[in-house]
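Data from model_28.csv: CSV, C-alpha atoms
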```csv
chain,number,residue,atom,x,y,z
V,43,MET,CA,-82.1,-65.4,-48.6
V,44,ARG,CA,-83.0,-66.8,-45.2
V,45,MET,CA,-80.5,-67.2,-42.4
V,46,GLN,CA,-79.5,-70.7,-41.3
V,47,PRO,CA,-80.2,-71.5,-37.7
V,48,HIS,CA,-76.5,-71.5,-36.7
V,49,GLU,CA,-76.1,-68.1,-38.4
V,50,ARG,CA,-79.1,-66.7,-36.4
V,51,ALA,CA,-77.6,-68.1,-33.2
V,52,ALA,CA,-74.3,-66.5,-33.8
V,53,ILE,CA,-75.8,-63.1,-34.6
V,54,LEU,CA,-78.0,-63.3,-31.5
V,55,PHE,CA,-75.0,-64.3,-29.4
V,56,LEU,CA,-73.1,-61.2,-30.6
V,57,LEU,CA,-76.0,-58.9,-30.3
V,58,LYS,CA,-76.6,-60.0,-26.7
V,59,HIS,CA,-73.0,-59.2,-25.8
V,60,LEU,CA,-73.2,-55.9,-27.8
V,61,VAL,CA,-76.3,-54.8,-25.8
V,62,SER,CA,-74.6,-55.7,-22.5
V,63,GLY,CA,-71.5,-53.6,-23.5
V,64,ILE,CA,-73.7,-50.7,-24.5
V,65,ALA,CA,-75.6,-50.9,-21.2
V,66,GLY,CA,-72.2,-50.7,-19.4
V,67,ALA,CA,-71.2,-47.7,-21.6
V,68,LEU,CA,-74.5,-45.9,-20.9
V,69,THR,CA,-74.0,-46.5,-17.2
V,70,LEU,CA,-70.4,-45.2,-17.1
V,71,GLY,CA,-71.2,-42.2,-19.3
V,72,THR,CA,-74.2,-41.3,-17.1
V,73,GLY,CA,-72.2,-41.7,-14.0
V,74,LEU,CA,-69.4,-39.5,-15.3
V,75,LEU,CA,-71.9,-36.8,-16.1
V,76,VAL,CA,-74.0,-37.0,-13.0
V,77,LEU,CA,-71.1,-37.2,-10.6
V,78,ASP,CA,-69.3,-34.4,-12.6
V,79,VAL,CA,-66.0,-36.3,-12.7
V,80,ALA,CA,-63.3,-33.9,-13.7
V,81,LYS,CA,-66.0,-31.3,-14.2
V,82,LEU,CA,-67.1,-33.1,-17.4
V,83,GLY,CA,-70.8,-32.5,-16.8
V,84,THR,CA,-70.2,-28.8,-16.2
V,85,LEU,CA,-68.1,-28.5,-19.2
V,86,ILE,CA,-70.6,-30.1,-21.5
V,87,ALA,CA,-73.6,-28.3,-19.9
V,88,ASN,CA,-71.9,-24.9,-20.6
V,89,SER,CA,-70.7,-25.8,-24.1
V,90,PRO,CA,-72.5,-24.4,-27.1
V,91,HIS,CA,-71.9,-27.8,-28.7
V,92,ALA,CA,-73.4,-29.9,-25.9
V,93,ILE,CA,-75.4,-32.2,-28.1
V,94,GLU,CA,-72.4,-33.0,-30.3
V,95,ALA,CA,-70.2,-33.7,-27.2
V,96,LEU,CA,-72.8,-36.0,-25.7
V,97,VAL,CA,-73.2,-37.9,-28.9
V,98,LEU,CA,-69.5,-38.3,-29.2
V,99,LEU,CA,-69.1,-39.3,-25.6
V,100,PHE,CA,-71.8,-42.0,-25.6
V,101,LEU,CA,-71.1,-43.2,-29.1
V,102,GLY,CA,-67.4,-43.7,-28.3
V,103,LEU,CA,-68.1,-45.4,-25.0
V,104,SER,CA,-70.7,-47.7,-26.7
V,105,VAL,CA,-68.4,-48.7,-29.5
V,106,THR,CA,-65.6,-49.4,-27.1
V,107,PHE,CA,-67.6,-51.3,-24.5
V,108,GLY,CA,-69.7,-53.1,-27.1
V,109,SER,CA,-66.6,-54.3,-28.9
V,110,VAL,CA,-64.9,-55.5,-25.7
V,111,ALA,CA,-68.1,-57.3,-24.6
V,112,MET,CA,-68.3,-59.1,-28.0
V,113,GLY,CA,-64.6,-60.0,-27.8
V,114,ILE,CA,-65.0,-61.4,-24.3
V,115,GLY,CA,-68.0,-63.5,-25.5
V,116,VAL,CA,-66.1,-64.9,-28.5
V,117,MET,CA,-62.9,-65.6,-26.6
V,118,GLY,CA,-64.9,-67.3,-23.9
V,119,LEU,CA,-66.5,-69.8,-26.3
V,120,GLY,CA,-63.8,-72.3,-26.2
V,121,ALA,CA,-62.8,-71.9,-22.5
V,122,GLY,CA,-64.7,-74.9,-21.3
V,123,GLU,CA,-63.2,-77.2,-24.0
V,124,ALA,CA,-59.6,-76.0,-23.4
V,125,GLN,CA,-59.9,-77.0,-19.7
V,126,LYS,CA,-61.1,-80.5,-20.5
V,127,THR,CA,-58.4,-81.2,-23.1
V,128,GLY,CA,-55.3,-79.6,-21.7
V,129,PRO,CA,-51.9,-81.2,-22.3
V,130,GLU,CA,-51.7,-82.6,-18.7
V,131,ASP,CA,-55.3,-83.9,-18.7
V,132,ASP,CA,-56.0,-87.6,-18.2
V,133,GLY,CA,-59.3,-87.3,-20.0
V,134,GLU,CA,-61.3,-87.4,-16.7
V,135,GLY,CA,-60.8,-83.7,-15.9
V,136,ALA,CA,-58.2,-84.4,-13.2
V,137,ARG,CA,-54.6,-83.1,-13.7
V,138,THR,CA,-51.9,-85.7,-13.6
V,139,ARG,CA,-48.7,-84.9,-11.6
V,140,PRO,CA,-45.3,-85.9,-12.7
V,141,ARG,CA,-43.8,-88.6,-10.4
V,142,ARG,CA,-40.7,-87.8,-8.4
V,143,THR,CA,-37.6,-89.7,-9.0
V,144,GLN,CA,-35.1,-90.3,-6.2
```
Starting from the file, give its structure as structure tokens.
Amino acid sequence: MRMQPHERAAILFLLKHLVSGIAGALTLGTGLLVLDVAKLGTLIANSPHAIEALVLLFLGLSVTFGSVAMGIGVMGLGAGEAQKTGPEDDGEGARTRPRRTQ
């Protein structure tokens, strides 16, 4: 069964955001280890379970940041339309102001 073009576009949209979230996670994780924040790099380096700790650190950060990036992408899909069709919109994109009564 082949994917429809709109399905392919949706999957690529989510994958693009997932990859950007994972890139952020790898950057943060590497920064935490290199800068030895809270002695995390030292702790992992001296641990007999260093590989497991690194896998858990980067996997947890990747899941978290990837999910947040995909959520931001999905929530941002309708942002442009909501601004155009707000309750106080006159259809031209300008906000109308209520008139003052004296």
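Of note, atom CA of Leu70 of chain V and atom CA of Leu99 of chain V are spaced 10.4 Å apart.
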Exercise. What is the atom CA of Ala87 of chain V to atom CA of Gly63 of chain V distance in Å?
Worked result: 25.6 Å
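Within 12 Å of Val110 of chain V, once all atoms listed in the file are used and residues closer than 2 positions along the same chain are dropped, the contacting residues are Leu56, His59, Leu60, Val61, Ser62, Gly63, Ile64, Gly66, Ala67, Leu103, Ser104, Val105, Thr106, Phe107, Gly108, Met112, Gly113, Ile114, Gly115, Val116, Met117 and Gly118 of chain V.
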Could you write out the selected residues, including C-alpha atoms, as a PDB file, in the coordinates of the input?
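Contents of again_30.pdb, as written:
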```
ATOM      1  CA  LEU V  56     -73.100 -61.200 -30.600  1.00  0.00           C
ATOM      2  CA  HIS V  59     -73.000 -59.200 -25.800  1.00  0.00           C
ATOM      3  CA  LEU V  60     -73.200 -55.900 -27.800  1.00  0.00           C
ATOM      4  CA  VAL V  61     -76.300 -54.800 -25.800  1.00  0.00           C
ATOM      5  CA  SER V  62     -74.600 -55.700 -22.500  1.00  0.00           C
ATOM      6  CA  GLY V  63     -71.500 -53.600 -23.500  1.00  0.00           C
ATOM      7  CA  ILE V  64     -73.700 -50.700 -24.500  1.00  0.00           C
ATOM      8  CA  GLY V  66     -72.200 -50.700 -19.400  1.00  0.00           C
ATOM      9  CA  ALA V  67     -71.200 -47.700 -21.600  1.00  0.00           C
ATOM     10  CA  LEU V 103     -68.100 -45.400 -25.000  1.00  0.00           C
ATOM     11  CA  SER V 104     -70.700 -47.700 -26.700  1.00  0.00           C
ATOM     12  CA  VAL V 105     -68.400 -48.700 -29.500  1.00  0.00           C
ATOM     13  CA  THR V 106     -65.600 -49.400 -27.100  1.00  0.00           C
ATOM     14  CA  PHE V 107     -67.600 -51.300 -24.500  1.00  0.00           C
ATOM     15  CA  GLY V 108     -69.700 -53.100 -27.100  1.00  0.00           C
ATOM     16  CA  MET V 112     -68.300 -59.100 -28.000  1.00  0.00           C
ATOM     17  CA  GLY V 113     -64.600 -60.000 -27.800  1.00  0.00           C
ATOM     18  CA  ILE V 114     -65.000 -61.400 -24.300  1.00  0.00           C
ATOM     19  CA  GLY V 115     -68.000 -63.500 -25.500  1.00  0.00           C
ATOM     20  CA  VAL V 116     -66.100 -64.900 -28.500  1.00  0.00           C
ATOM     21  CA  MET V 117     -62.900 -65.600 -26.600  1.00  0.00           C
ATOM     22  CA  GLY V 118     -64.900 -67.300 -23.900  1.00  0.00           C
TER      23      GLY V 118
END
```
Seminar exercise, completed: Pairwise distance, atom CA of Ala52 of chain V with atom CA of Leu98 of chain V, equals 29.0 Å
Problem set entry | Neighbour residues at most 6 Å from (-72.7, -34.4, -16.7) (only C-alpha atoms) as number ranges by chain | V: 75-76, 78, 82-83
For segment 106-123 of chain V, supply N, CA and C atoms and report the output as a short mmCIF file (atom, residue, chain, number, x, y, z; two decimals), keeping the file's coordinate frame.
```
data_model
loop_
_atom_site.label_atom_id
_atom_site.label_comp_id
_atom_site.auth_asym_id
_atom_site.auth_seq_id
_atom_site.Cartn_x
_atom_site.Cartn_y
_atom_site.Cartn_z
N THR V 106 -66.64 -48.79 -27.83
CA THR V 106 -65.60 -49.40 -27.10
C THR V 106 -66.08 -50.56 -26.21
N PHE V 107 -67.07 -50.29 -25.38
CA PHE V 107 -67.60 -51.30 -24.50
C PHE V 107 -68.30 -52.42 -25.21
N GLY V 108 -69.02 -52.08 -26.28
CA GLY V 108 -69.70 -53.10 -27.10
C GLY V 108 -68.69 -54.05 -27.72
N SER V 109 -67.62 -53.50 -28.27
CA SER V 109 -66.60 -54.30 -28.90
C SER V 109 -65.89 -55.21 -27.87
N VAL V 110 -65.59 -54.67 -26.71
CA VAL V 110 -64.90 -55.50 -25.70
C VAL V 110 -65.87 -56.59 -25.20
N ALA V 111 -67.14 -56.29 -25.02
CA ALA V 111 -68.10 -57.30 -24.60
C ALA V 111 -68.22 -58.43 -25.63
N MET V 112 -68.27 -58.08 -26.91
CA MET V 112 -68.30 -59.10 -28.00
C MET V 112 -67.06 -59.91 -28.00
N GLY V 113 -65.92 -59.26 -27.84
CA GLY V 113 -64.60 -60.00 -27.80
C GLY V 113 -64.55 -60.94 -26.67
N ILE V 114 -65.00 -60.53 -25.50
CA ILE V 114 -65.00 -61.40 -24.30
C ILE V 114 -65.91 -62.61 -24.59
N GLY V 115 -67.06 -62.36 -25.19
CA GLY V 115 -68.00 -63.50 -25.50
C GLY V 115 -67.37 -64.46 -26.46
N VAL V 116 -66.73 -63.97 -27.52
CA VAL V 116 -66.10 -64.90 -28.50
C VAL V 116 -64.95 -65.61 -27.93
N MET V 117 -64.09 -64.93 -27.18
CA MET V 117 -62.90 -65.60 -26.60
C MET V 117 -63.34 -66.61 -25.54
N GLY V 118 -64.48 -66.41 -24.92
CA GLY V 118 -64.90 -67.30 -23.90
C GLY V 118 -65.63 -68.58 -24.46
N LEU V 119 -65.85 -68.63 -25.76
CA LEU V 119 -66.50 -69.80 -26.30
C LEU V 119 -65.80 -71.09 -26.13
N GLY V 120 -64.51 -71.11 -26.30
CA GLY V 120 -63.80 -72.30 -26.20
C GLY V 120 -63.13 -72.57 -24.83
N ALA V 121 -63.45 -71.75 -23.84
CA ALA V 121 -62.80 -71.90 -22.50
C ALA V 121 -63.10 -73.19 -21.86
N GLY V 122 -64.31 -73.68 -21.93
CA GLY V 122 -64.70 -74.90 -21.30
C GLY V 122 -63.97 -76.12 -21.95
N GLU V 123 -63.83 -76.09 -23.26
CA GLU V 123 -63.20 -77.20 -24.00
C GLU V 123 -61.70 -77.22 -23.70
#
```
